[in-house]
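Trainee: Provided herewith is a single structure, encoded as structure tokens, for subsequent inquiry.
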Amino acid sequence: MALLGPDQPYGNPAFSLKSDQVDTVLDLVCRGVDEARQHVTPGMLEVPATIVVRKAIRRVKRTLGLTNLQVRGEHEVDNMATNDPAILGRIDITLQFLHQFGDEDAFVAIECKRVAAANHSLNASYVTQGVDRFASGKYAAGHHWGFMLGFVLALPVDTITTAIDQRIQKAYGTGAALAPGASHPMALAVFENALAQASDHTIRLRHIFVDMLAAAPNAIYPNEGEG
């Protein structure tokens, strides 16, 4: 029986990502947001802004000639183990690399949330309606990586990330604290952290905070009931 080598992932290989693939997601998302910003209108809410970003990511992907991955639409999460028709949630953006093609459960999940300095409601929702869905396994169960994309509506970004980090540590312990991640010139800030998704599995999250100030005027801060 073949044994896993030291450089091979444990668990389902289709759920894993290499470091260059993780960096590709960061670059593609940041480029996509930068391209999408001109199409974001004042007061645009989270769902339409996410759709604009998703379409822009597809355009950037085609421009870069990235044929080893595909950008998919909103991904519905349900309980495959039962015949219950209920939808448990909807992941905003998903990608699939070549090694994940053919496995509907293997993808890169990107959850988008609006955040703003001194806005406790939005920043709390980033954790309770975003990070927690990865930690609980509701999103990306068994995956090695997940992504949070924060649409920044009001600066400074340090105030936002500090508030979010405090909420994360309060909910999941100091071991889940945000740590600076690989920077990107088109991102305001990038962080990473690790969450115990199950007793025998840890998922890493990369948090990307991007400038979406164009959507800030007249923005409705309370949650809109998005998936």
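Ligands are numbered from 1 in the order shown, residues from 1 within each chain, and chains are lettered A, B, ... in the order they appear in the structure tokens.
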Considering only alpha helix (DSSP H) as DSSP defines it on the backbone, what residues of segment 89-128 of chain A qualify? List them as an MDAnalysis selection string.
Mentor: chainID A and resid 120:126
Trainee: Have a look at A:Ile91, A:Gly150, A:Thr159, A:Val40 and name the one nearest to Asn119 of chain A; count only C-alpha atoms.
Mentor: A:Thr159
Trainee: Within 6 Å of segment 201-216 of chain A, which residues of segment 117-194 of chain A show up? Give each one with its shortest atom-to-atom distance in Å (one decimal) and the two atoms involved, counting only C-alpha atoms, rows by chain then rising residue number, as CSV.
Mentor:
```
residue,atom,partner,partner_atom,distance
A:His144,CA,A:Ile203,CA,4.9
A:Trp145,CA,A:Arg204,CA,4.9
A:Gly146,CA,A:Leu205,CA,4.8
A:Phe147,CA,A:Arg206,CA,4.9
A:Met148,CA,A:His207,CA,4.8
A:Leu149,CA,A:Ile208,CA,4.9
A:Gly150,CA,A:Phe209,CA,4.5
A:Phe151,CA,A:Met212,CA,5.3
A:Val152,CA,A:Met212,CA,5.2
A:Leu153,CA,A:Leu213,CA,4.6
A:Ala187,CA,A:Val210,CA,4.9
A:Leu188,CA,A:Val210,CA,5.3
A:Ala189,CA,A:Phe209,CA,5.2
A:Val190,CA,A:Ile208,CA,4.7
A:Phe191,CA,A:His207,CA,5.0
A:Glu192,CA,A:Arg206,CA,4.5
A:Asn193,CA,A:Leu205,CA,5.5
A:Ala194,CA,A:Arg204,CA,4.4
```
Trainee: Which of segment 29-186 of chain A end up as strand (DSSP E or B) when DSSP is run on this backbone - answer as an MDAnalysis selection string?
Mentor: chainID A and resid 69:72 75:78 87:91 93:97 108:115 145:152 179:180
Trainee: Do a neighbour search on Phe15 of chain A at 6 Å with only C-alpha atoms, toss out local chain neighbours closer than 2 positions, and write the hits as number ranges by chain.
Mentor: A: 12-13, 106, 143
Trainee: With N, CA, C and O atoms kept, could you save the residues just selected as a compact mmCIF listing (two decimals), in the first residue's frame?
Mentor:
```
# COMPACT_ATOMS: atom_id res chain seq x y z
N ASN A 12 -8.36 14.38 1.99
CA ASN A 12 -8.73 14.42 0.58
C ASN A 12 -7.80 15.38 -0.17
O ASN A 12 -7.84 16.58 0.05
N PRO A 13 -6.97 14.86 -1.09
CA PRO A 13 -6.03 15.75 -1.81
C PRO A 13 -6.74 16.84 -2.60
O PRO A 13 -6.17 17.91 -2.81
N ALA A 106 -15.11 19.88 -3.90
CA ALA A 106 -13.75 20.43 -3.86
C ALA A 106 -13.74 21.77 -4.57
O ALA A 106 -13.97 21.85 -5.78
N HIS A 143 -11.85 21.29 4.14
CA HIS A 143 -10.92 21.98 3.26
C HIS A 143 -9.71 22.47 4.05
O HIS A 143 -9.78 22.69 5.25
```
Trainee: Near segment 45-53 of chain A, within 7 Å and counting only C-alpha atoms, which residues show up once chain neighbours fewer than 2 positions away are dropped, as a list in words?
Mentor: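 Result of the neighbour search: Gly32, Val33, Ala36, Val40, Gly43, Lys55, Ala56, Ile57, Cys112, Lys113, Arg114, Ala219 and Glu226 of chain A.
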Trainee: Pick from A:Ala177, A:Val71, A:Ser183, A:Gln169: nearest to Phe97 of chain A, with only C-alpha atoms counted?
Mentor: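 Smallest separation from Phe97 of chain A among the options: A:Val71.
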Trainee: Near His99 of chain A, counting only C-alpha atoms, which residues have an atom at most 12 Å away, once you skip same-chain residues fewer than 5 positions from it, shown as a list of chain:residue names?
Mentor: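 Here the answer would be A:Asn12, A:Pro13, A:Ala14, A:Phe15, A:Ser16, A:Leu17, A:Lys18, A:Gln21, A:Asn68, A:Leu69, A:Gln70, A:Glu104, A:Ala106, A:Phe107, A:Val108.
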Trainee: So which residues touch Ala163 of chain A within 9 Å, counting only C-alpha atoms, skipping near sequence neighbours fewer than 3 positions away, as a list of chain:residue names?
Mentor: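 Listed by chain and then number, they are A:Ala117, A:Ala118, A:His120, A:Asn123, A:Ala124, A:Asp158, A:Thr159, A:Ile160, A:Gln166, A:Arg167, A:Ile168.
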Trainee: With N, CA, C and O atoms retained, export the selected residues as an mmCIF file, in the first residue's frame.
Mentor:
```
data_model
loop_
_atom_site.group_PDB
_atom_site.id
_atom_site.type_symbol
_atom_site.label_atom_id
_atom_site.label_comp_id
_atom_site.auth_asym_id
_atom_site.auth_seq_id
_atom_site.Cartn_x
_atom_site.Cartn_y
_atom_site.Cartn_z
ATOM 1 N N ALA A 117 -14.768 51.006 9.653
ATOM 2 C CA ALA A 117 -14.234 51.467 10.924
ATOM 3 C C ALA A 117 -15.366 51.969 11.815
ATOM 4 O O ALA A 117 -16.260 52.685 11.355
ATOM 5 N N ALA A 118 -15.333 51.542 13.078
ATOM 6 C CA ALA A 118 -16.305 51.976 14.094
ATOM 7 C C ALA A 118 -17.720 51.493 13.826
ATOM 8 O O ALA A 118 -18.656 51.980 14.453
ATOM 9 N N HIS A 120 -19.824 48.552 14.491
ATOM 10 C CA HIS A 120 -19.804 47.304 15.248
ATOM 11 C C HIS A 120 -20.670 46.235 14.603
ATOM 12 O O HIS A 120 -20.348 45.044 14.643
ATOM 13 N N ASN A 123 -18.750 44.745 11.415
ATOM 14 C CA ASN A 123 -17.555 44.021 11.810
ATOM 15 C C ASN A 123 -17.889 42.756 12.595
ATOM 16 O O ASN A 123 -17.198 41.742 12.475
ATOM 17 N N ALA A 124 -18.968 42.816 13.368
ATOM 18 C CA ALA A 124 -19.410 41.618 14.087
ATOM 19 C C ALA A 124 -19.932 40.577 13.106
ATOM 20 O O ALA A 124 -19.666 39.372 13.244
ATOM 21 N N ASP A 158 -6.882 49.540 9.981
ATOM 22 C CA ASP A 158 -6.338 48.966 11.215
ATOM 23 C C ASP A 158 -7.391 48.886 12.307
ATOM 24 O O ASP A 158 -7.414 47.933 13.096
ATOM 25 N N THR A 159 -8.275 49.873 12.358
ATOM 26 C CA THR A 159 -9.361 49.855 13.349
ATOM 27 C C THR A 159 -10.285 48.677 13.096
ATOM 28 O O THR A 159 -10.754 48.007 14.027
ATOM 29 N N ILE A 160 -10.543 48.391 11.834
ATOM 30 C CA ILE A 160 -11.422 47.279 11.466
ATOM 31 C C ILE A 160 -10.793 45.943 11.835
ATOM 32 O O ILE A 160 -11.422 45.097 12.480
ATOM 33 N N GLN A 166 -10.165 40.892 17.710
ATOM 34 C CA GLN A 166 -10.634 40.747 19.094
ATOM 35 C C GLN A 166 -11.850 39.839 19.164
ATOM 36 O O GLN A 166 -11.959 38.983 20.059
ATOM 37 N N ARG A 167 -12.762 39.987 18.233
ATOM 38 C CA ARG A 167 -13.960 39.136 18.207
ATOM 39 C C ARG A 167 -13.592 37.682 17.903
ATOM 40 O O ARG A 167 -14.161 36.758 18.484
ATOM 41 N N ILE A 168 -12.656 37.491 16.988
ATOM 42 C CA ILE A 168 -12.230 36.132 16.644
ATOM 43 C C ILE A 168 -11.588 35.460 17.848
ATOM 44 O O ILE A 168 -11.887 34.297 18.163
#
```
Trainee: I need the residue nearest Gly130 of chain A from this list: A:Arg59, A:Asp27, A:Asp34, A:Glu111. Use only C-alpha atoms for the distance.
Mentor: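 Ranking A:Arg59, A:Asp27, A:Asp34, A:Glu111 by distance to Gly130 of chain A, first place goes to A:Glu111.
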Trainee: Between A:Asp92, A:Ala196, A:Met186, A:Thr24, which has the minimum distance to Gly173 of chain A (counting only C-alpha atoms)?
Mentor: A:Ala196
Trainee: Please list as an NGL selection string every residue within 9 Å of Ala198 of chain A, counting only C-alpha atoms and excluding residues in the same chain fewer than 6 positions away.
Mentor: :A and (135-137 or 141-142)
Trainee: Store the residues of this selection in a file with all heavy atoms, as a CSV table (one decimal), in the first residue's frame.
Mentor:
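The resulting file, selection_24.csv, is shown below:
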```
chain,number,residue,atom,x,y,z
A,135,ALA,N,-15.5,28.0,10.5
A,135,ALA,CA,-15.1,27.3,11.7
A,135,ALA,C,-16.0,26.2,12.0
A,135,ALA,O,-15.6,25.1,12.5
A,135,ALA,CB,-15.0,28.3,12.9
A,136,SER,N,-17.3,26.3,11.8
A,136,SER,CA,-18.3,25.3,12.1
A,136,SER,C,-18.3,24.2,11.1
A,136,SER,O,-18.9,23.2,11.3
A,136,SER,CB,-19.7,26.0,12.2
A,136,SER,OG,-20.1,26.5,10.9
A,137,GLY,N,-17.7,24.4,9.9
A,137,GLY,CA,-17.8,23.4,8.9
A,137,GLY,C,-19.0,23.6,8.0
A,137,GLY,O,-19.2,22.8,7.1
A,141,ALA,N,-16.2,22.3,4.6
A,141,ALA,CA,-15.9,21.3,5.5
A,141,ALA,C,-14.8,20.4,5.0
A,141,ALA,O,-14.8,19.9,3.9
A,141,ALA,CB,-17.1,20.4,5.8
A,142,GLY,N,-13.7,20.2,5.8
A,142,GLY,CA,-12.6,19.4,5.5
A,142,GLY,C,-11.6,20.1,4.6
A,142,GLY,O,-10.6,19.5,4.2
```
